[in-house]
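K.L.:
Take this structure first; my questions come after.
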Amino acid sequence: MKNFDVVIIGSGPGGYVSAIRCAQLGFNTALIEKYNTLGGTCLNVGCIPSKALLDSSHHYDDAQKHFEKHGIEAKDIKLNFKQMIDRKNEVVSQTTGGINYLMDKNKITVFNGFGSFKDATHITIAQADGATETIEATKTIIATGSKPSSLPFIKVDKKRVITSTEALNLTEVPKHLIIIGGGVIGLELGQVYLRLGAQVSVIEFMPSIIPTMDAMLAKELQRSLKKQGMKFYTGHKVTSVKNEGKEVIVIADDKKENLIEFKGDYVLVAVGRRPYTDKLGLENAGVKLTDRGQVETNAQLRTNIPNIYAIGDVVKGAMLAHKAEEEGVLVAEIMAGQKPHIDYNLIPGVIYTWPEVASVGQTEEQLKVNGIAYKVGAFPMRALGRARASMDIDGQVKILADATTDEILGVHMIGARAADMIAEAVTAMEFRASAEDVARMSHAHPTYTEAIKEAALAATGNRAIHV
Ligand code: FAD
Ligand code: NAD
């Protein structure tokens, strides 16, 4: 029987990154993946394909709406949707292929098959052709990720009533895409199809979209997407979804005693994801789950069974690729006797719509609930020369700083390239910078990052220069 120091089940950003770090630390490491390609949700049906379609559809939208203003005459711009999907698939296969290379380079043994615990130190791998093999693991990391969740009364048929996985692989642009859930997936994929010509209606249960982020972001993003043509039905509870062949009918209660009917050709169910531990044999190893179906872990991501750890979407916390990666590294280093640490407050959250949304630290709502006295400094993108040059004037940067110490407690931004700009806020907060520290740093002109400096100036006594 083959024996490994560490066996990792699941090759998403949590699993494959952890495998590399384990190998770097000298562990004889194996990675088990049930699908033919490595990379998990993120690389195959998540982060990478969604960003590829967001980029392509952004070009199409720009060509149609903004080229003329820039003085570019491009007549008869046509959509070749099949080519757009093909390019997305090429990006995915290049990226997943890159993981095979990294596994080879780091001498990680990859098993292609479904892994399940036989007991706490043995894992059986069932291959697609029916063959099975059992391997021995001194330590195991569960990195089995998540799957889309749904509502009890919805039958996801994957044809008309779909999840993000199918939405990334459609063969036609919907005429009317009804989206249940105004969260990250709903808004990113909604914007893709909006740009490609679909009518898009977003039905959100809570009073606002992206309800866990700072309220300013929800307000600004909704305003911007509404201007682009997206329709919003916030505070609406979906009560039924009926698939009538080529038409799907969704009924939602507007919580004012009205039932609203939506008719469309596709319904995207985007109400969150659930941890995935199906048929993993956790009971054979004695590993406990939480009430919410997550693998229960302590602060060191160790399960109740001492030689078994769990990371990423299958454990508590934000379901984000970079959070899974940090956890993968942390567990490898803990197993090597090191003392790593993750500050979960400083894991940024990003929505790759345009304008982009990015956030780190505490929201204004959280500071209020926690009774922390704070100062606010905000700066609108439209006041930046860089934003006017590119016609990306929607959005703002908001910095929240401690009222007494001036330490930055949260940074929330919406605007062009916010996804990349948030790294500055993470760096500043990692080093516990004050708003004054950031306000005194030179920011290249003209860049979008000047909005961060100006917001920091605004937070330190109304000193913003350009408003
Ligand atoms: P996963 O990536 O889900 O990987 C788990 C792997 O384990 C899978 O490959 C699965 O097949 C395998 N597996 C499960 N059980 C077994 C078993 N028993 N045996 C063998 N293999 C098994 N996050 C971001 O940070 N940025 C984004 O832009 C972003 N965009 C997203 C867009 C979409 C449409 C979706 C759906 C998600 C997006 N996410 C994004 C979330 C991100 O994909 C996840 O947070 C991330 O993939 C979690 O990584 P993971 O390693 O925990 O699990
Ligand atoms: P989400 O949690 O972001 O949003 C789900 C939304 O659905 C919430 O706003 C929620 O209030 C709403 N909702 C729940 N029940 C509802 C109901 N019955 N009717 C109407 N609305 C309802 O989840 P998601 O958008 O499905 O994404 C899943 C996960 O994938 C997220 O945790 C996210 O972190 C991750 N993801 C991240 C990115 C990114 O980082 N850019 C992109 C896509 C997905």
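In the structure tokens, chains take letters A, B, ... by order of appearance, with residues numbered from 1 within each chain and ligands from 1 in the order shown.
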Please return as a VMD selection string: the residues of segment 195-308 of chain A that backbone DSSP assigns to strand (DSSP E or B).
P.N.:
chain A and resid 199 to 204 231 to 234 237 to 244 247 to 253 259 to 264 266 to 269 273 to 275 289 295 302 308
K.L.:
What does the list of residues within 6 Å of ligand 1 look like if you count only C-alpha atoms and all ligand atoms, written as JSON, numbers by chain?
P.N.:
{"A": [9, 10, 11, 12, 13, 14, 15, 32, 33, 34, 35, 39, 40, 41, 42, 45, 46, 47, 50, 113, 114, 115, 116, 143, 144, 145, 146, 164, 185, 280, 312, 313, 314, 319, 320, 321, 322, 324]}
K.L.:
Export N, CA, C and O atoms of the chosen residues as a short mmCIF file (atom, residue, chain, number, x, y, z; two decimals), in the first residue's frame?
P.N.:
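That gives us out20.cif:
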```cif
data_model
loop_
_atom_site.label_atom_id
_atom_site.label_comp_id
_atom_site.auth_asym_id
_atom_site.auth_seq_id
_atom_site.Cartn_x
_atom_site.Cartn_y
_atom_site.Cartn_z
N ILE A 9 -7.52 15.89 -0.15
CA ILE A 9 -8.68 15.50 -0.98
C ILE A 9 -9.29 16.78 -1.54
O ILE A 9 -9.81 17.61 -0.79
N GLY A 10 -9.20 16.94 -2.86
CA GLY A 10 -9.74 18.13 -3.52
C GLY A 10 -8.64 19.03 -4.03
O GLY A 10 -7.73 19.38 -3.28
N SER A 11 -8.73 19.38 -5.34
CA SER A 11 -7.61 20.13 -5.94
C SER A 11 -7.96 21.58 -6.27
O SER A 11 -7.40 22.16 -7.20
N GLY A 12 -8.91 22.18 -5.53
CA GLY A 12 -9.22 23.60 -5.74
C GLY A 12 -8.08 24.47 -5.22
O GLY A 12 -7.01 23.96 -4.87
N PRO A 13 -8.31 25.79 -5.16
CA PRO A 13 -7.24 26.68 -4.69
C PRO A 13 -6.75 26.33 -3.28
O PRO A 13 -5.59 26.57 -2.95
N GLY A 14 -7.64 25.78 -2.45
CA GLY A 14 -7.21 25.33 -1.13
C GLY A 14 -6.29 24.14 -1.26
O GLY A 14 -5.14 24.14 -0.79
N GLY A 15 -6.76 23.10 -1.95
CA GLY A 15 -6.04 21.83 -2.03
C GLY A 15 -4.73 21.91 -2.79
O GLY A 15 -3.69 21.47 -2.30
N ILE A 32 -5.81 14.19 -4.34
CA ILE A 32 -6.87 13.39 -4.99
C ILE A 32 -7.91 14.33 -5.58
O ILE A 32 -8.39 15.24 -4.88
N GLU A 33 -8.26 14.14 -6.84
CA GLU A 33 -9.29 14.96 -7.48
C GLU A 33 -10.23 14.07 -8.28
O GLU A 33 -9.79 13.26 -9.08
N LYS A 34 -11.53 14.28 -8.08
CA LYS A 34 -12.52 13.41 -8.75
C LYS A 34 -12.71 13.78 -10.21
O LYS A 34 -13.10 12.95 -11.02
N TYR A 35 -12.50 15.06 -10.56
CA TYR A 35 -12.67 15.46 -11.96
C TYR A 35 -11.36 15.25 -12.74
O TYR A 35 -10.29 15.13 -12.15
N GLY A 39 -7.80 22.08 -10.16
CA GLY A 39 -8.12 23.51 -10.00
C GLY A 39 -9.46 23.78 -9.33
O GLY A 39 -9.75 24.92 -8.96
N GLY A 40 -10.31 22.75 -9.20
CA GLY A 40 -11.54 22.91 -8.44
C GLY A 40 -12.54 23.86 -9.07
O GLY A 40 -12.48 24.18 -10.26
N THR A 41 -13.45 24.32 -8.23
CA THR A 41 -14.50 25.25 -8.67
C THR A 41 -13.88 26.49 -9.30
O THR A 41 -14.27 26.93 -10.38
N CYS A 42 -12.91 27.05 -8.59
CA CYS A 42 -12.35 28.35 -9.00
C CYS A 42 -11.84 28.34 -10.44
O CYS A 42 -12.22 29.18 -11.25
N VAL A 45 -15.04 26.23 -12.97
CA VAL A 45 -16.41 26.76 -13.11
C VAL A 45 -16.67 27.95 -12.17
O VAL A 45 -17.80 28.17 -11.73
N GLY A 46 -15.62 28.70 -11.83
CA GLY A 46 -15.79 29.79 -10.88
C GLY A 46 -15.04 31.03 -11.30
O GLY A 46 -15.30 31.63 -12.34
N CYS A 47 -14.05 31.38 -10.48
CA CYS A 47 -13.30 32.64 -10.64
C CYS A 47 -12.83 32.87 -12.07
O CYS A 47 -13.09 33.93 -12.65
N SER A 50 -15.57 32.95 -15.03
CA SER A 50 -16.47 34.12 -14.89
C SER A 50 -15.72 35.40 -15.23
O SER A 50 -16.27 36.29 -15.88
N GLY A 113 -9.65 10.41 -9.12
CA GLY A 113 -10.72 9.53 -8.67
C GLY A 113 -11.41 10.16 -7.46
O GLY A 113 -10.99 11.20 -6.96
N PHE A 114 -12.45 9.49 -7.00
CA PHE A 114 -13.23 10.01 -5.86
C PHE A 114 -12.64 9.45 -4.56
O PHE A 114 -12.59 8.24 -4.36
N GLY A 115 -12.22 10.34 -3.68
CA GLY A 115 -11.59 9.91 -2.42
C GLY A 115 -12.62 9.80 -1.31
O GLY A 115 -13.51 10.64 -1.19
N SER A 116 -12.50 8.73 -0.51
CA SER A 116 -13.37 8.65 0.68
C SER A 116 -12.60 7.96 1.81
O SER A 116 -11.75 7.10 1.55
N ALA A 143 -10.23 19.20 1.48
CA ALA A 143 -10.34 20.45 0.72
C ALA A 143 -11.36 20.24 -0.39
O ALA A 143 -11.11 20.52 -1.56
N THR A 144 -12.53 19.72 0.01
CA THR A 144 -13.51 19.27 -0.98
C THR A 144 -14.46 20.37 -1.44
O THR A 144 -15.33 20.13 -2.27
N GLY A 145 -14.31 21.59 -0.91
CA GLY A 145 -14.99 22.75 -1.47
C GLY A 145 -16.48 22.80 -1.27
O GLY A 145 -17.01 22.34 -0.23
N SER A 146 -17.17 23.34 -2.26
CA SER A 146 -18.61 23.59 -2.13
C SER A 146 -19.32 23.36 -3.45
O SER A 146 -18.68 23.23 -4.48
N SER A 164 -24.62 28.68 -11.51
CA SER A 164 -23.50 29.39 -12.17
C SER A 164 -22.76 28.47 -13.14
O SER A 164 -22.29 28.91 -14.19
N ILE A 185 -22.40 36.14 -7.32
CA ILE A 185 -22.58 35.40 -8.57
C ILE A 185 -23.68 36.04 -9.42
O ILE A 185 -23.51 36.27 -10.62
N LEU A 280 -18.08 11.29 1.38
CA LEU A 280 -16.66 11.41 1.74
C LEU A 280 -16.28 10.40 2.82
O LEU A 280 -15.10 10.22 3.12
N GLY A 312 -10.72 25.85 3.32
CA GLY A 312 -11.45 26.38 2.16
C GLY A 312 -12.96 26.43 2.36
O GLY A 312 -13.47 26.58 3.47
N ASP A 313 -13.69 26.26 1.25
CA ASP A 313 -15.15 26.42 1.28
C ASP A 313 -15.84 25.40 2.17
O ASP A 313 -16.98 25.61 2.57
N VAL A 314 -15.17 24.28 2.45
CA VAL A 314 -15.83 23.23 3.23
C VAL A 314 -15.80 23.54 4.74
O VAL A 314 -16.46 22.86 5.51
N MET A 319 -16.40 32.17 1.46
CA MET A 319 -16.11 31.20 0.40
C MET A 319 -15.35 31.92 -0.71
O MET A 319 -15.93 32.34 -1.70
N LEU A 320 -14.04 32.07 -0.49
CA LEU A 320 -13.21 32.80 -1.45
C LEU A 320 -11.95 32.01 -1.73
O LEU A 320 -11.39 31.37 -0.84
N ALA A 321 -11.49 32.11 -2.98
CA ALA A 321 -10.32 31.35 -3.38
C ALA A 321 -9.08 31.73 -2.57
O ALA A 321 -8.33 30.86 -2.13
N HIS A 322 -8.88 33.04 -2.36
CA HIS A 322 -7.66 33.47 -1.66
C HIS A 322 -7.72 33.11 -0.18
O HIS A 322 -6.68 32.90 0.45
N ALA A 324 -9.14 30.27 0.85
CA ALA A 324 -8.80 28.84 0.81
C ALA A 324 -7.29 28.67 0.67
O ALA A 324 -6.68 27.81 1.32
#
```
K.L.:
Nearest to Leu225 of chain A: which of A:Glu188, A:Asp86, A:Glu68, A:Glu204 is it, counting only C-alpha atoms?
P.N.:
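Answer, going by the shortest atom-to-atom distance: A:Glu188.
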K.L.:
Just give me the gap between atom CA of Leu151 of chain A and atom 30 (O, counted along the ligand's line) of ligand 2 in Å, one decimal is fine.
P.N.:
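Distance between the two atoms: 16.0 Å.
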K.L.:
List the spatial neighbours of Arg292 of chain A as a list in words - criterion: any atom at most 12 Å away, only C-alpha atoms, same-chain residues fewer than 2 positions off excluded.
P.N.:
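Near neighbours after the sequence-gap exclusion: Arg273, Arg274, Pro275, Tyr276, Thr277, Lys288, Leu289, Thr290, Gln294, Val295, Glu296, Val314, Val315, Lys316 and Gly317 of chain A.
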K.L.:
Could you list the protein, DNA and RNA residues that have any atom within 8 Å of ligand 2, counting only C-alpha atoms and all ligand atoms, and write them as a PyMOL selection string?
P.N.:
chain A and resi 46-47+50+148-149+151+180-188+203-206+208-212+236-239+269-273+318-321+349-352
K.L.:
Restricted to N, CA and C atoms, what would the selected residues look like written as a short mmCIF file (atom, residue, chain, number, x, y, z; two decimals), in the first residue's frame?
P.N.:
```cif
data_model
loop_
_atom_site.label_atom_id
_atom_site.label_comp_id
_atom_site.auth_asym_id
_atom_site.auth_seq_id
_atom_site.Cartn_x
_atom_site.Cartn_y
_atom_site.Cartn_z
N GLY A 46 -15.62 28.70 -11.83
CA GLY A 46 -15.79 29.79 -10.88
C GLY A 46 -15.04 31.03 -11.30
N CYS A 47 -14.05 31.38 -10.48
CA CYS A 47 -13.30 32.64 -10.64
C CYS A 47 -12.83 32.87 -12.07
N SER A 50 -15.57 32.95 -15.03
CA SER A 50 -16.47 34.12 -14.89
C SER A 50 -15.72 35.40 -15.23
N PRO A 148 -23.24 24.59 -5.57
CA PRO A 148 -24.31 25.59 -5.49
C PRO A 148 -25.45 25.07 -4.60
N SER A 149 -26.02 25.97 -3.79
CA SER A 149 -27.20 25.54 -3.04
C SER A 149 -28.44 26.08 -3.76
N LEU A 151 -33.13 26.45 -3.34
CA LEU A 151 -34.23 26.56 -2.40
C LEU A 151 -35.04 25.27 -2.49
N ILE A 180 -32.16 34.72 -9.19
CA ILE A 180 -32.60 34.66 -7.79
C ILE A 180 -31.35 34.80 -6.92
N GLY A 181 -31.24 35.92 -6.22
CA GLY A 181 -30.06 36.19 -5.38
C GLY A 181 -29.24 37.33 -5.94
N GLY A 182 -29.23 38.46 -5.21
CA GLY A 182 -28.45 39.63 -5.63
C GLY A 182 -27.11 39.65 -4.94
N GLY A 183 -26.42 38.50 -4.93
CA GLY A 183 -25.09 38.41 -4.34
C GLY A 183 -24.03 38.47 -5.44
N VAL A 184 -22.87 37.96 -5.11
CA VAL A 184 -21.71 38.09 -6.01
C VAL A 184 -21.96 37.41 -7.36
N ILE A 185 -22.40 36.14 -7.32
CA ILE A 185 -22.58 35.40 -8.57
C ILE A 185 -23.68 36.04 -9.42
N GLY A 186 -24.80 36.35 -8.79
CA GLY A 186 -25.92 36.95 -9.52
C GLY A 186 -25.52 38.21 -10.25
N LEU A 187 -24.76 39.06 -9.57
CA LEU A 187 -24.43 40.35 -10.17
C LEU A 187 -23.33 40.22 -11.22
N GLU A 188 -22.32 39.39 -10.96
CA GLU A 188 -21.25 39.22 -11.97
C GLU A 188 -21.82 38.59 -13.25
N ILE A 203 -33.77 39.22 -8.37
CA ILE A 203 -34.71 39.16 -7.24
C ILE A 203 -33.91 38.83 -5.98
N GLU A 204 -33.93 39.74 -5.02
CA GLU A 204 -33.13 39.56 -3.81
C GLU A 204 -34.05 39.58 -2.59
N PHE A 205 -33.85 38.63 -1.72
CA PHE A 205 -34.69 38.48 -0.52
C PHE A 205 -34.49 39.64 0.47
N MET A 206 -33.24 40.04 0.65
CA MET A 206 -32.93 41.07 1.65
C MET A 206 -33.30 42.47 1.10
N SER A 208 -31.46 44.91 0.50
CA SER A 208 -30.49 45.44 -0.47
C SER A 208 -29.69 44.31 -1.10
N ILE A 209 -29.09 44.60 -2.25
CA ILE A 209 -28.19 43.61 -2.86
C ILE A 209 -26.92 43.53 -2.00
N ILE A 210 -26.05 42.62 -2.29
CA ILE A 210 -24.80 42.35 -1.54
C ILE A 210 -24.94 42.75 -0.05
N PRO A 211 -25.91 42.11 0.63
CA PRO A 211 -26.30 42.59 1.97
C PRO A 211 -25.21 42.51 3.04
N THR A 212 -24.16 41.71 2.82
CA THR A 212 -23.16 41.63 3.89
C THR A 212 -22.06 42.67 3.73
N HIS A 236 -37.77 40.96 -2.02
CA HIS A 236 -38.75 40.05 -2.63
C HIS A 236 -38.40 38.61 -2.28
N LYS A 237 -39.44 37.87 -1.87
CA LYS A 237 -39.22 36.46 -1.52
C LYS A 237 -39.77 35.58 -2.64
N VAL A 238 -38.90 34.83 -3.28
CA VAL A 238 -39.36 33.93 -4.34
C VAL A 238 -40.15 32.79 -3.70
N THR A 239 -41.34 32.54 -4.23
CA THR A 239 -42.17 31.49 -3.65
C THR A 239 -42.35 30.30 -4.59
N VAL A 269 -30.17 30.38 -10.39
CA VAL A 269 -30.33 30.30 -8.94
C VAL A 269 -28.96 30.60 -8.32
N ALA A 270 -28.85 31.73 -7.64
CA ALA A 270 -27.56 32.16 -7.07
C ALA A 270 -27.77 32.61 -5.64
N VAL A 271 -28.21 31.65 -4.80
CA VAL A 271 -28.54 31.97 -3.41
C VAL A 271 -27.48 31.46 -2.43
N GLY A 272 -26.27 31.26 -2.92
CA GLY A 272 -25.19 30.81 -2.05
C GLY A 272 -24.71 29.42 -2.41
N ARG A 273 -23.70 28.95 -1.69
CA ARG A 273 -23.14 27.61 -1.94
C ARG A 273 -23.08 26.84 -0.64
N ALA A 318 -15.54 33.00 4.82
CA ALA A 318 -15.89 33.44 3.46
C ALA A 318 -15.53 32.37 2.45
N MET A 319 -16.40 32.17 1.46
CA MET A 319 -16.11 31.20 0.40
C MET A 319 -15.35 31.92 -0.71
N LEU A 320 -14.04 32.07 -0.49
CA LEU A 320 -13.21 32.80 -1.45
C LEU A 320 -11.95 32.01 -1.73
N ALA A 321 -11.49 32.11 -2.98
CA ALA A 321 -10.32 31.35 -3.38
C ALA A 321 -9.08 31.73 -2.57
N GLY A 349 -12.71 41.26 0.02
CA GLY A 349 -13.82 40.73 -0.79
C GLY A 349 -13.95 41.59 -2.03
N VAL A 350 -14.11 40.96 -3.18
CA VAL A 350 -14.15 41.71 -4.44
C VAL A 350 -15.32 41.24 -5.30
N ILE A 351 -15.98 42.17 -5.96
CA ILE A 351 -16.98 41.81 -6.98
C ILE A 351 -16.49 42.40 -8.29
N TYR A 352 -16.39 41.52 -9.31
CA TYR A 352 -15.73 41.93 -10.56
C TYR A 352 -16.70 42.48 -11.60
#
```
K.L.:
Name all residues at most 9 Å from Gly281 of chain A (count only C-alpha atoms; drop same-chain ones fewer than 3 positions away) and give them as a VMD selection string.
P.N.:
chain A and resid 115 to 119 277 to 278 284 to 287
K.L.:
Next, dump the selected residues to file, keeping only all heavy atoms, as a PDB file, in the first residue's frame.
P.N.:
```pdb
ATOM      1  N   GLY A 115     -12.219  10.337  -3.684  1.00  0.00           N
ATOM      2  CA  GLY A 115     -11.594   9.910  -2.424  1.00  0.00           C
ATOM      3  C   GLY A 115     -12.621   9.797  -1.310  1.00  0.00           C
ATOM      4  O   GLY A 115     -13.507  10.645  -1.195  1.00  0.00           O
ATOM      5  N   SER A 116     -12.504   8.734  -0.507  1.00  0.00           N
ATOM      6  CA  SER A 116     -13.368   8.653   0.683  1.00  0.00           C
ATOM      7  C   SER A 116     -12.597   7.959   1.805  1.00  0.00           C
ATOM      8  O   SER A 116     -11.745   7.095   1.553  1.00  0.00           O
ATOM      9  CB  SER A 116     -14.669   7.921   0.374  1.00  0.00           C
ATOM     10  OG  SER A 116     -14.389   6.614  -0.027  1.00  0.00           O
ATOM     11  N   PHE A 117     -12.924   8.373   3.043  1.00  0.00           N
ATOM     12  CA  PHE A 117     -12.226   7.806   4.195  1.00  0.00           C
ATOM     13  C   PHE A 117     -12.678   6.359   4.439  1.00  0.00           C
ATOM     14  O   PHE A 117     -13.878   6.089   4.514  1.00  0.00           O
ATOM     15  CB  PHE A 117     -12.526   8.619   5.454  1.00  0.00           C
ATOM     16  CG  PHE A 117     -11.799   9.939   5.499  1.00  0.00           C
ATOM     17  CD1 PHE A 117     -12.427  11.103   5.081  1.00  0.00           C
ATOM     18  CD2 PHE A 117     -10.496  10.005   5.950  1.00  0.00           C
ATOM     19  CE1 PHE A 117     -11.759  12.324   5.120  1.00  0.00           C
ATOM     20  CE2 PHE A 117      -9.816  11.215   6.000  1.00  0.00           C
ATOM     21  CZ  PHE A 117     -10.445  12.379   5.583  1.00  0.00           C
ATOM     22  N   LYS A 118     -11.690   5.465   4.555  1.00  0.00           N
ATOM     23  CA  LYS A 118     -11.993   4.092   4.995  1.00  0.00           C
ATOM     24  C   LYS A 118     -11.937   4.087   6.527  1.00  0.00           C
ATOM     25  O   LYS A 118     -12.768   3.511   7.205  1.00  0.00           O
ATOM     26  CB  LYS A 118     -10.925   3.152   4.421  1.00  0.00           C
ATOM     27  CG  LYS A 118     -11.262   1.719   4.490  1.00  0.00           C
ATOM     28  CD  LYS A 118     -10.290   0.900   3.651  1.00  0.00           C
ATOM     29  CE  LYS A 118     -10.585  -0.556   3.879  1.00  0.00           C
ATOM     30  NZ  LYS A 118      -9.386  -1.326   4.136  1.00  0.00           N
ATOM     31  N   ASP A 119     -10.920   4.805   7.042  1.00  0.00           N
ATOM     32  CA  ASP A 119     -10.819   5.102   8.466  1.00  0.00           C
ATOM     33  C   ASP A 119      -9.952   6.362   8.556  1.00  0.00           C
ATOM     34  O   ASP A 119      -9.685   6.993   7.535  1.00  0.00           O
ATOM     35  CB  ASP A 119     -10.246   3.906   9.257  1.00  0.00           C
ATOM     36  CG  ASP A 119      -8.882   3.471   8.738  1.00  0.00           C
ATOM     37  OD1 ASP A 119      -8.053   4.359   8.428  1.00  0.00           O
ATOM     38  OD2 ASP A 119      -8.640   2.249   8.618  1.00  0.00           O
ATOM     39  N   THR A 277     -19.459  17.576   1.200  1.00  0.00           N
ATOM     40  CA  THR A 277     -18.808  16.429   1.853  1.00  0.00           C
ATOM     41  C   THR A 277     -19.527  15.129   1.480  1.00  0.00           C
ATOM     42  O   THR A 277     -19.351  14.107   2.158  1.00  0.00           O
ATOM     43  CB  THR A 277     -18.817  16.573   3.394  1.00  0.00           C
ATOM     44  OG1 THR A 277     -20.180  16.727   3.821  1.00  0.00           O
ATOM     45  CG2 THR A 277     -18.010  17.750   3.886  1.00  0.00           C
ATOM     46  N   ASP A 278     -20.314  15.174   0.407  1.00  0.00           N
ATOM     47  CA  ASP A 278     -21.119  14.002   0.035  1.00  0.00           C
ATOM     48  C   ASP A 278     -20.225  12.775  -0.174  1.00  0.00           C
ATOM     49  O   ASP A 278     -19.206  12.856  -0.865  1.00  0.00           O
ATOM     50  CB  ASP A 278     -21.898  14.272  -1.261  1.00  0.00           C
ATOM     51  CG  ASP A 278     -22.902  15.408  -1.116  1.00  0.00           C
ATOM     52  OD1 ASP A 278     -22.938  16.024  -0.037  1.00  0.00           O
ATOM     53  OD2 ASP A 278     -23.625  15.690  -2.088  1.00  0.00           O
ATOM     54  N   ASN A 284     -16.670   7.300   8.801  1.00  0.00           N
ATOM     55  CA  ASN A 284     -15.687   6.208   8.989  1.00  0.00           C
ATOM     56  C   ASN A 284     -14.444   6.697   9.731  1.00  0.00           C
ATOM     57  O   ASN A 284     -13.759   5.928  10.395  1.00  0.00           O
ATOM     58  CB  ASN A 284     -15.255   5.628   7.634  1.00  0.00           C
ATOM     59  CG  ASN A 284     -16.433   5.066   6.868  1.00  0.00           C
ATOM     60  OD1 ASN A 284     -17.412   4.662   7.487  1.00  0.00           O
ATOM     61  ND2 ASN A 284     -16.354   5.068   5.557  1.00  0.00           N
ATOM     62  N   ALA A 285     -14.158   7.996   9.554  1.00  0.00           N
ATOM     63  CA  ALA A 285     -12.989   8.562  10.231  1.00  0.00           C
ATOM     64  C   ALA A 285     -13.368   9.213  11.551  1.00  0.00           C
ATOM     65  O   ALA A 285     -12.507   9.561  12.360  1.00  0.00           O
ATOM     66  CB  ALA A 285     -12.330   9.590   9.317  1.00  0.00           C
ATOM     67  N   GLY A 286     -14.677   9.421  11.758  1.00  0.00           N
ATOM     68  CA  GLY A 286     -15.143  10.059  12.997  1.00  0.00           C
ATOM     69  C   GLY A 286     -15.086  11.579  12.960  1.00  0.00           C
ATOM     70  O   GLY A 286     -15.142  12.237  14.000  1.00  0.00           O
ATOM     71  N   VAL A 287     -15.014  12.171  11.761  1.00  0.00           N
ATOM     72  CA  VAL A 287     -14.914  13.637  11.651  1.00  0.00           C
ATOM     73  C   VAL A 287     -16.296  14.269  11.802  1.00  0.00           C
ATOM     74  O   VAL A 287     -17.258  13.839  11.168  1.00  0.00           O
ATOM     75  CB  VAL A 287     -14.295  14.036  10.280  1.00  0.00           C
ATOM     76  CG1 VAL A 287     -14.337  15.550  10.079  1.00  0.00           C
ATOM     77  CG2 VAL A 287     -12.872  13.518  10.171  1.00  0.00           C
TER      78      VAL A 287
END
```
